[in-house]
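J.: Coordinates in final.csv, CSV, C-alpha atoms, are listed below.
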chain,number,residue,atom,x,y,z
I,1,MET,CA,-11.1,55.8,24.3
I,2,PRO,CA,-8.6,57.7,22.1
I,3,HIS,CA,-9.8,61.0,20.8
I,4,SER,CA,-13.3,60.6,22.4
I,5,SER,CA,-12.8,63.8,24.5
I,6,TYR,CA,-12.6,66.0,21.4
I,7,LYS,CA,-13.8,64.1,18.3
I,8,PHE,CA,-17.5,64.3,18.1
I,9,THR,CA,-20.3,63.5,15.6
I,10,HIS,CA,-23.0,65.6,17.4
I,11,ALA,CA,-23.6,68.6,19.6
I,12,LEU,CA,-26.8,69.7,21.3
I,13,CYS,CA,-27.5,73.4,21.8
I,14,ARG,CA,-30.5,75.5,22.9
I,15,GLN,CA,-31.3,79.0,21.7
I,16,PRO,CA,-31.1,81.7,24.3
I,17,GLY,CA,-34.5,83.2,25.2
I,18,LYS,CA,-35.5,86.7,25.8
I,19,SER,CA,-35.5,85.8,29.5
I,20,VAL,CA,-31.8,85.4,29.5
I,21,ALA,CA,-31.4,88.8,31.1
I,22,HIS,CA,-32.7,87.2,34.3
I,23,GLY,CA,-30.0,84.6,34.3
I,24,LEU,CA,-27.7,83.8,37.3
I,25,ARG,CA,-24.4,85.7,37.6
I,26,ALA,CA,-21.7,86.0,40.3
I,27,VAL,CA,-21.0,89.6,39.4
I,28,ASN,CA,-23.4,92.1,37.8
I,29,GLY,CA,-21.8,93.1,34.6
I,30,GLY,CA,-25.0,94.3,32.9
I,31,ASP,CA,-27.8,92.3,31.3
I,32,PRO,CA,-27.2,90.4,28.1
I,33,VAL,CA,-29.0,91.8,25.0
I,34,ALA,CA,-31.3,89.1,23.7
I,35,GLN,CA,-30.8,89.6,20.0
I,36,ALA,CA,-27.1,90.1,20.4
I,37,PHE,CA,-26.9,86.9,22.4
I,38,LEU,CA,-28.9,85.1,19.7
I,39,ASP,CA,-26.5,86.4,17.0
I,40,GLU,CA,-23.5,85.1,19.0
I,41,HIS,CA,-25.2,81.8,19.5
I,42,SER,CA,-26.0,81.4,15.8
I,43,ALA,CA,-22.3,82.0,15.0
I,44,TYR,CA,-21.3,79.4,17.6
I,45,VAL,CA,-23.7,76.8,16.1
I,46,ALA,CA,-22.4,77.5,12.6
I,47,ALA,CA,-18.8,77.1,13.7
I,48,LEU,CA,-19.6,73.7,15.2
I,49,ARG,CA,-21.4,72.6,12.1
I,50,ALA,CA,-18.5,73.7,9.9
I,51,THR,CA,-16.4,71.0,11.5
I,52,GLY,CA,-18.7,68.4,10.0
I,53,ALA,CA,-20.8,67.6,13.1
I,54,THR,CA,-24.5,67.4,13.3
I,55,VAL,CA,-25.7,70.2,15.6
I,56,VAL,CA,-29.3,69.9,17.0
I,57,VAL,CA,-30.6,73.3,18.2
I,58,GLU,CA,-33.6,73.1,20.6
I,59,PRO,CA,-35.9,76.1,21.0
I,60,ALA,CA,-35.5,78.6,23.9
I,61,GLN,CA,-37.0,77.8,27.3
I,62,GLU,CA,-38.3,81.1,28.5
I,63,ASP,CA,-39.2,79.7,31.9
I,64,PHE,CA,-35.5,78.9,32.5
I,65,PRO,CA,-33.3,81.9,31.8
I,66,ASP,CA,-30.0,79.9,32.0
I,67,SER,CA,-31.2,77.0,29.8
I,68,VAL,CA,-29.0,78.2,26.9
I,69,PHE,CA,-26.1,76.7,28.9
I,70,VAL,CA,-27.1,73.1,28.1
I,71,GLU,CA,-23.9,71.6,29.4
I,72,ASP,CA,-24.9,71.9,33.1
I,73,PRO,CA,-28.0,69.6,33.3
I,74,ALA,CA,-26.5,66.6,31.5
I,75,LEU,CA,-23.3,64.7,30.8
I,76,CYS,CA,-22.9,62.6,27.6
I,77,ILE,CA,-20.3,59.8,27.7
I,78,MET,CA,-19.9,56.4,26.1
I,79,GLY,CA,-23.1,56.6,24.2
I,80,LYS,CA,-25.1,57.5,27.3
I,81,ALA,CA,-26.6,60.7,28.6
I,82,ILE,CA,-26.6,61.2,32.4
I,83,ILE,CA,-29.2,63.7,33.6
I,84,LEU,CA,-27.5,65.6,36.4
I,85,ARG,CA,-28.9,67.5,39.4
I,86,PRO,CA,-27.8,71.2,39.0
I,87,GLY,CA,-26.6,73.0,42.1
I,88,ALA,CA,-28.7,76.2,41.5
I,89,PRO,CA,-32.4,75.5,42.4
I,90,SER,CA,-33.7,77.8,39.6
I,91,ARG,CA,-32.0,75.5,37.0
I,92,PHE,CA,-33.4,72.2,38.2
I,93,GLY,CA,-36.3,72.3,35.7
I,94,GLU,CA,-33.9,72.3,32.8
I,95,ARG,CA,-33.4,68.6,33.3
I,96,ASP,CA,-36.7,67.7,31.6
I,97,GLY,CA,-35.8,69.5,28.4
I,98,ALA,CA,-32.4,68.0,28.4
I,99,ARG,CA,-33.8,64.5,29.0
I,100,ALA,CA,-36.3,64.8,26.1
I,101,ALA,CA,-33.9,66.2,23.6
I,102,LEU,CA,-31.2,63.6,24.4
I,103,ALA,CA,-33.7,60.8,24.3
I,104,ARG,CA,-34.6,61.8,20.8
I,105,ILE,CA,-31.0,61.6,19.7
I,106,LEU,CA,-29.6,58.8,21.7
I,107,GLY,CA,-32.7,56.8,22.4
I,108,PRO,CA,-34.6,56.5,25.7
I,109,ASP,CA,-32.7,53.4,26.8
I,110,ASN,CA,-29.5,55.4,26.9
I,111,ILE,CA,-30.7,58.0,29.4
I,112,ILE,CA,-29.6,57.7,33.0
I,113,ASP,CA,-30.8,59.9,35.9
I,114,LEU,CA,-28.4,60.8,38.6
I,115,PRO,CA,-30.1,59.6,41.8
I,116,GLU,CA,-31.4,62.0,44.4
I,117,GLY,CA,-29.1,62.9,47.3
I,118,GLY,CA,-26.4,65.0,45.7
I,119,LEU,CA,-25.7,67.9,43.2
I,120,VAL,CA,-23.6,67.9,40.1
I,121,ASP,CA,-23.3,70.6,37.4
I,122,GLY,CA,-22.0,69.6,34.0
I,123,GLY,CA,-19.7,72.6,34.0
I,124,ASP,CA,-17.7,70.9,36.8
I,125,ILE,CA,-16.9,67.8,34.7
I,126,LEU,CA,-13.9,67.5,32.4
I,127,VAL,CA,-13.8,64.2,30.4
I,128,SER,CA,-10.5,62.9,28.9
I,129,GLY,CA,-10.0,59.8,26.9
I,130,HIS,CA,-9.7,57.6,30.0
I,131,GLU,CA,-11.2,59.4,33.0
I,132,VAL,CA,-13.7,61.8,34.3
I,133,LEU,CA,-12.4,64.7,36.4
I,134,VAL,CA,-15.0,66.4,38.6
I,135,GLY,CA,-14.4,69.7,40.4
I,136,LEU,CA,-16.1,70.3,43.7
I,137,SER,CA,-17.6,73.7,43.7
I,138,ALA,CA,-20.5,75.8,44.9
I,139,ARG,CA,-22.7,73.9,42.4
I,140,THR,CA,-21.2,70.3,42.8
I,141,ASN,CA,-20.9,68.5,46.1
I,142,GLN,CA,-19.2,65.3,47.3
I,143,ALA,CA,-22.5,63.4,47.6
I,144,GLY,CA,-23.3,64.2,44.0
I,145,VAL,CA,-19.8,63.0,42.9
I,146,ASP,CA,-20.2,59.8,44.8
I,147,LEU,CA,-23.5,59.1,43.0
I,148,LEU,CA,-21.9,60.0,39.7
I,149,ARG,CA,-19.1,57.6,40.3
I,150,GLY,CA,-21.5,54.8,40.6
I,151,ILE,CA,-22.7,55.5,37.0
I,152,VAL,CA,-19.4,56.4,35.4
I,153,GLU,CA,-17.1,53.7,36.6
I,154,PRO,CA,-19.3,50.8,35.4
I,155,LEU,CA,-19.1,52.4,31.9
I,156,GLY,CA,-15.3,51.9,32.0
I,157,LEU,CA,-14.1,55.3,33.0
I,158,ALA,CA,-12.3,56.2,36.2
I,159,LEU,CA,-13.5,59.3,38.2
I,160,ARG,CA,-11.2,61.6,39.9
I,161,VAL,CA,-12.1,64.5,42.2
I,162,VAL,CA,-10.5,68.0,42.0
I,163,ASN,CA,-11.0,70.7,44.6
I,164,THR,CA,-11.9,73.9,42.6
I,165,PRO,CA,-10.6,77.1,44.1
I,166,ALA,CA,-13.5,79.1,45.6
I,167,HIS,CA,-13.1,82.0,43.2
I,168,ILE,CA,-13.7,79.7,40.2
I,169,LEU,CA,-17.4,79.2,39.6
I,170,HIS,CA,-17.2,76.0,37.6
I,171,PHE,CA,-14.2,73.7,37.2
I,172,LYS,CA,-14.3,74.2,33.4
I,173,THR,CA,-14.3,77.9,33.8
I,174,GLY,CA,-10.6,77.5,34.3
I,175,CYS,CA,-9.6,74.4,32.2
I,176,ALA,CA,-10.2,72.6,28.9
I,177,ILE,CA,-9.1,69.4,27.1
I,178,LEU,CA,-7.0,70.1,24.0
I,179,ASP,CA,-6.2,66.5,23.1
I,180,ASP,CA,-5.8,63.0,24.8
I,181,THR,CA,-2.7,64.1,26.8
I,182,THR,CA,-3.0,67.9,27.0
I,183,ILE,CA,-5.1,70.3,29.2
I,184,PHE,CA,-5.2,74.1,29.0
I,185,ALA,CA,-5.6,75.6,32.5
I,186,VAL,CA,-5.4,78.8,34.4
I,187,GLN,CA,-2.5,79.1,36.8
I,188,ASP,CA,-4.6,78.3,39.9
I,189,LEU,CA,-5.5,74.9,38.4
I,190,ALA,CA,-2.3,74.1,36.6
I,191,GLY,CA,-1.1,71.6,39.3
I,192,CYS,CA,-4.4,69.6,39.3
I,193,PHE,CA,-3.6,67.4,36.3
I,194,PRO,CA,-0.9,64.8,37.1
I,195,GLY,CA,-0.3,62.6,34.1
I,196,TYR,CA,-1.2,65.3,31.5
I,197,ARG,CA,0.8,67.9,29.8
I,198,THR,CA,-0.6,71.2,31.0
I,199,ILE,CA,-0.5,74.5,28.9
I,200,THR,CA,-1.0,77.4,31.3
I,201,CYS,CA,-3.2,80.2,30.2
I,202,PRO,CA,-1.4,83.6,29.9
I,203,ALA,CA,-1.8,85.8,32.9
I,204,GLY,CA,-4.5,88.4,32.4
I,205,GLU,CA,-6.4,86.2,29.9
I,206,GLU,CA,-8.0,83.8,32.4
I,207,PRO,CA,-11.5,83.9,30.8
I,208,ALA,CA,-9.9,82.3,27.7
I,209,ALA,CA,-9.4,79.1,29.6
I,210,ASN,CA,-13.1,78.2,28.9
I,211,LEU,CA,-12.4,77.0,25.4
I,212,ILE,CA,-13.4,73.9,23.5
I,213,ARG,CA,-11.6,71.4,21.2
I,214,PHE,CA,-14.2,70.3,18.8
I,215,ASN,CA,-12.9,67.9,16.1
I,216,ASP,CA,-10.0,69.6,14.3
I,217,LYS,CA,-10.7,73.1,15.7
I,218,VAL,CA,-9.9,74.8,19.0
I,219,PHE,CA,-12.5,77.5,19.6
I,220,CYS,CA,-11.6,80.2,22.1
I,221,ALA,CA,-13.2,83.5,23.0
I,222,LYS,CA,-12.3,86.7,21.1
I,223,GLY,CA,-10.2,89.3,22.7
I,224,PHE,CA,-7.4,87.1,24.1
I,225,PRO,CA,-4.5,87.4,21.6
I,226,LYS,CA,-1.9,85.9,23.8
I,227,THR,CA,-3.9,82.7,24.2
I,228,ARG,CA,-4.5,82.4,20.5
I,229,ALA,CA,-0.9,82.9,19.7
I,230,LEU,CA,0.2,80.4,22.4
I,231,LEU,CA,-2.2,77.7,21.1
I,232,GLU,CA,-1.2,78.3,17.5
I,233,THR,CA,2.5,78.0,18.4
I,234,GLU,CA,1.6,74.6,20.0
I,235,GLY,CA,0.2,73.5,16.6
I,236,TYR,CA,-3.5,73.8,17.2
I,237,ASN,CA,-6.0,75.1,14.6
I,238,VAL,CA,-7.6,78.0,16.4
I,239,ALA,CA,-10.7,80.0,15.7
I,240,THR,CA,-12.2,82.7,17.8
I,241,LEU,CA,-15.9,83.3,18.7
I,242,SER,CA,-17.6,86.2,20.5
I,243,VAL,CA,-19.1,85.3,23.9
I,244,THR,CA,-19.6,88.9,25.1
I,245,GLU,CA,-23.3,88.4,25.9
I,246,ALA,CA,-22.9,84.9,27.5
I,247,ALA,CA,-20.1,86.2,29.7
I,248,LYS,CA,-22.6,88.7,31.3
I,249,VAL,CA,-24.4,85.7,32.8
I,250,ASP,CA,-21.2,83.6,33.7
I,251,GLY,CA,-21.3,81.7,30.4
I,252,GLY,CA,-18.7,80.7,28.0
I,253,LEU,CA,-17.9,78.4,25.0
I,254,SER,CA,-18.1,75.1,26.8
I,255,CYS,CA,-21.4,75.9,28.5
I,256,MET,CA,-23.4,76.3,25.3
I,257,SER,CA,-23.2,72.8,23.9
I,258,LEU,CA,-23.3,69.1,24.9
I,259,ARG,CA,-20.7,67.4,22.7
I,260,PHE,CA,-20.8,63.6,22.0
I,261,SER,CA,-20.7,60.9,19.4
I,262,VAL,CA,-23.5,58.6,18.2
If you convert what's in this file into structure tokens, what do you get?

T.:
Amino acid sequence: MPHSSYKFTHALCRQPGKSVAHGLRAVNGGDPVAQAFLDEHSAYVAALRATGATVVVEPAQEDFPDSVFVEDPALCIMGKAIILRPGAPSRFGERDGARAALARILGPDNIIDLPEGGLVDGGDILVSGHEVLVGLSARTNQAGVDLLRGIVEPLGLALRVVNTPAHILHFKTGCAILDDTTIFAVQDLAGCFPGYRTITCPAGEEPAANLIRFNDKVFCAKGFPKTRALLETEGYNVATLSVTEAAKVDGGLSCMSLRFSV
């Protein structure tokens, strides 16, 4: 569906808890500071709301340090919410909170559980206007993708698998949708998108590839001036947000919201 990958009426977020310092991370870059993370998150929510969308913010789940990253336990497409099976065992309990919150917004009849037998993280899923691209990673396996295909394709969207390089944690760590025909990607993923126009992230600014197009704004992380200049030259309306604390636990802009239309 045209524009469905970046035009949204709603977003679901969850406040970071004090336990976020115990979140997962590939490299120890120090613990996030709870209040600073909350301040960054509040600015993020305000920025999404400023586009005209309804943003629902759920309370922190202290038992699940990574639960601020609401994108991983669910996928919202075509008016449905698919409750996924995250690849990190410590995150599996986040599914219940995601299911309850999305059922309140979309209605319980629009919630679908990924069957047992495979693993899929939402951070490995990139949705365009006509297909779902899923990156195999340490958190998403082929069995999970096969199960997801059985849900996605009956909804009218094709599913395509991409092999994510081992040094990229999640597929969307290194790529993002800018519009119906354009993807922003790091150099290591730039050849993965036949049929799309690809804008390559400037060398040395690879963390900036985890950006989001949300209605008429492209939100990217602060501190990457070459990326901002490139996107503005391409005609996008760019705003920057701080994700310093989220980055300490392998988080970024896409991770902190589920974006969909009702």

J.: Would you work out the distance separating CA of Ala81 (chain I) from CA of Leu102 (chain I), expressed in Å to one decimal?

T.: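 Separation of CA of Ala81 (chain I) and CA of Leu102 (chain I): 6.9 Å.
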
J.: Choose the residue, out of I:Asp109, I:Asp39, I:Asp31, I:Glu131, that has the smallest atom-to-atom separation from Gly79 (chain I); count only C-alpha atoms.

T.: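 With only C-alpha atoms as the atom set, the closest residue is I:Asp109.
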
J.: Using only C-alpha atoms, list the residues that have an atom at most 8 Å from (-11.6, 86.3, 21.6), coordinates as in the file, as a ChimeraX atom specification.

T.: /I:208,220-225,240-243

J.: For a test of reading the model, state the distance in Å between CA of Arg91 (chain I) and CA of Gly156 (chain I), rounded to one decimal.

T.: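 CA of Gly156 (chain I) lies 29.3 Å from CA of Arg91 (chain I).
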
J.: Pull the neighbourhood of (-27.3, 66.0, 33.9) for me: all residues within 12 Å in file coordinates, counting only C-alpha atoms, as a PyMOL selection string.

T.: chain I and resi 69-77+80-87+91-100+102+111-116+118-125+140+144+148+151+258

J.: Enter the distance from CA of Ala203 (chain I) to CA of Ala185 (chain I), in Å, rounded to one decimal.

T.: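 Answer for the CA of Ala203 (chain I) to CA of Ala185 (chain I) separation: 10.9 Å.
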
J.: Complete region 14-42 of chain I with N, CA and C atoms (output as a PDB file, in the coordinates of the input).

T.:
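Okay, selection.pdb is ready:
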ATOM      1  N   ARG I  14     -29.128  74.898  22.716  1.00  0.00           N
ATOM      2  CA  ARG I  14     -30.500  75.500  22.900  1.00  0.00           C
ATOM      3  C   ARG I  14     -30.389  76.965  22.753  1.00  0.00           C
ATOM      4  N   GLN I  15     -31.309  77.508  21.973  1.00  0.00           N
ATOM      5  CA  GLN I  15     -31.300  79.000  21.700  1.00  0.00           C
ATOM      6  C   GLN I  15     -31.492  79.728  23.037  1.00  0.00           C
ATOM      7  N   PRO I  16     -30.820  80.863  23.156  1.00  0.00           N
ATOM      8  CA  PRO I  16     -31.100  81.700  24.300  1.00  0.00           C
ATOM      9  C   PRO I  16     -32.453  82.382  24.170  1.00  0.00           C
ATOM     10  N   GLY I  17     -33.154  82.522  25.267  1.00  0.00           N
ATOM     11  CA  GLY I  17     -34.500  83.200  25.200  1.00  0.00           C
ATOM     12  C   GLY I  17     -34.378  84.637  25.585  1.00  0.00           C
ATOM     13  N   LYS I  18     -35.474  85.321  25.443  1.00  0.00           N
ATOM     14  CA  LYS I  18     -35.500  86.700  25.800  1.00  0.00           C
ATOM     15  C   LYS I  18     -35.359  86.864  27.356  1.00  0.00           C
ATOM     16  N   SER I  19     -35.664  85.794  28.086  1.00  0.00           N
ATOM     17  CA  SER I  19     -35.500  85.800  29.500  1.00  0.00           C
ATOM     18  C   SER I  19     -34.110  85.728  30.026  1.00  0.00           C
ATOM     19  N   VAL I  20     -33.146  85.583  29.110  1.00  0.00           N
ATOM     20  CA  VAL I  20     -31.800  85.400  29.500  1.00  0.00           C
ATOM     21  C   VAL I  20     -31.215  86.508  30.384  1.00  0.00           C
ATOM     22  N   ALA I  21     -31.808  87.679  30.264  1.00  0.00           N
ATOM     23  CA  ALA I  21     -31.400  88.800  31.100  1.00  0.00           C
ATOM     24  C   ALA I  21     -31.609  88.545  32.580  1.00  0.00           C
ATOM     25  N   HIS I  22     -32.433  87.543  32.903  1.00  0.00           N
ATOM     26  CA  HIS I  22     -32.700  87.200  34.300  1.00  0.00           C
ATOM     27  C   HIS I  22     -31.820  86.037  34.761  1.00  0.00           C
ATOM     28  N   GLY I  23     -30.822  85.679  33.961  1.00  0.00           N
ATOM     29  CA  GLY I  23     -30.000  84.600  34.300  1.00  0.00           C
ATOM     30  C   GLY I  23     -29.088  84.826  35.506  1.00  0.00           C
ATOM     31  N   LEU I  24     -28.578  83.749  36.082  1.00  0.00           N
ATOM     32  CA  LEU I  24     -27.700  83.800  37.300  1.00  0.00           C
ATOM     33  C   LEU I  24     -26.377  84.469  36.892  1.00  0.00           C
ATOM     34  N   ARG I  25     -25.764  85.128  37.843  1.00  0.00           N
ATOM     35  CA  ARG I  25     -24.400  85.700  37.600  1.00  0.00           C
ATOM     36  C   ARG I  25     -23.782  85.964  38.986  1.00  0.00           C
ATOM     37  N   ALA I  26     -22.469  85.753  39.029  1.00  0.00           N
ATOM     38  CA  ALA I  26     -21.700  86.000  40.300  1.00  0.00           C
ATOM     39  C   ALA I  26     -21.477  87.497  40.461  1.00  0.00           C
ATOM     40  N   VAL I  27     -21.266  88.204  39.363  1.00  0.00           N
ATOM     41  CA  VAL I  27     -21.000  89.600  39.400  1.00  0.00           C
ATOM     42  C   VAL I  27     -21.906  90.307  38.382  1.00  0.00           C
ATOM     43  N   ASN I  28     -22.509  91.416  38.742  1.00  0.00           N
ATOM     44  CA  ASN I  28     -23.400  92.100  37.800  1.00  0.00           C
ATOM     45  C   ASN I  28     -22.595  92.942  36.833  1.00  0.00           C
ATOM     46  N   GLY I  29     -22.470  92.409  35.626  1.00  0.00           N
ATOM     47  CA  GLY I  29     -21.800  93.100  34.600  1.00  0.00           C
ATOM     48  C   GLY I  29     -22.698  93.664  33.511  1.00  0.00           C
ATOM     49  N   GLY I  30     -23.988  93.820  33.893  1.00  0.00           N
ATOM     50  CA  GLY I  30     -25.000  94.300  32.900  1.00  0.00           C
ATOM     51  C   GLY I  30     -25.756  93.103  32.368  1.00  0.00           C
ATOM     52  N   ASP I  31     -26.946  93.391  31.860  1.00  0.00           N
ATOM     53  CA  ASP I  31     -27.800  92.300  31.300  1.00  0.00           C
ATOM     54  C   ASP I  31     -27.404  92.033  29.860  1.00  0.00           C
ATOM     55  N   PRO I  32     -27.412  90.754  29.472  1.00  0.00           N
ATOM     56  CA  PRO I  32     -27.200  90.400  28.100  1.00  0.00           C
ATOM     57  C   PRO I  32     -28.345  90.954  27.214  1.00  0.00           C
ATOM     58  N   VAL I  33     -28.026  91.346  25.995  1.00  0.00           N
ATOM     59  CA  VAL I  33     -29.000  91.800  25.000  1.00  0.00           C
ATOM     60  C   VAL I  33     -29.500  90.589  24.241  1.00  0.00           C
ATOM     61  N   ALA I  34     -30.810  90.317  24.276  1.00  0.00           N
ATOM     62  CA  ALA I  34     -31.300  89.100  23.700  1.00  0.00           C
ATOM     63  C   ALA I  34     -30.943  88.843  22.275  1.00  0.00           C
ATOM     64  N   GLN I  35     -31.111  89.848  21.417  1.00  0.00           N
ATOM     65  CA  GLN I  35     -30.800  89.600  20.000  1.00  0.00           C
ATOM     66  C   GLN I  35     -29.303  89.487  19.773  1.00  0.00           C
ATOM     67  N   ALA I  36     -28.505  90.233  20.502  1.00  0.00           N
ATOM     68  CA  ALA I  36     -27.100  90.100  20.400  1.00  0.00           C
ATOM     69  C   ALA I  36     -26.604  88.713  20.829  1.00  0.00           C
ATOM     70  N   PHE I  37     -27.207  88.215  21.893  1.00  0.00           N
ATOM     71  CA  PHE I  37     -26.900  86.900  22.400  1.00  0.00           C
ATOM     72  C   PHE I  37     -27.278  85.838  21.305  1.00  0.00           C
ATOM     73  N   LEU I  38     -28.460  86.006  20.728  1.00  0.00           N
ATOM     74  CA  LEU I  38     -28.900  85.100  19.700  1.00  0.00           C
ATOM     75  C   LEU I  38     -27.961  85.090  18.492  1.00  0.00           C
ATOM     76  N   ASP I  39     -27.479  86.260  18.120  1.00  0.00           N
ATOM     77  CA  ASP I  39     -26.500  86.400  17.000  1.00  0.00           C
ATOM     78  C   ASP I  39     -25.224  85.640  17.332  1.00  0.00           C
ATOM     79  N   GLU I  40     -24.719  85.832  18.553  1.00  0.00           N
ATOM     80  CA  GLU I  40     -23.500  85.100  19.000  1.00  0.00           C
ATOM     81  C   GLU I  40     -23.728  83.619  18.983  1.00  0.00           C
ATOM     82  N   HIS I  41     -24.871  83.222  19.475  1.00  0.00           N
ATOM     83  CA  HIS I  41     -25.200  81.800  19.500  1.00  0.00           C
ATOM     84  C   HIS I  41     -25.283  81.187  18.150  1.00  0.00           C
ATOM     85  N   SER I  42     -25.892  81.899  17.221  1.00  0.00           N
ATOM     86  CA  SER I  42     -26.000  81.400  15.800  1.00  0.00           C
ATOM     87  C   SER I  42     -24.626  81.213  15.216  1.00  0.00           C
TER      88      SER I  42
END
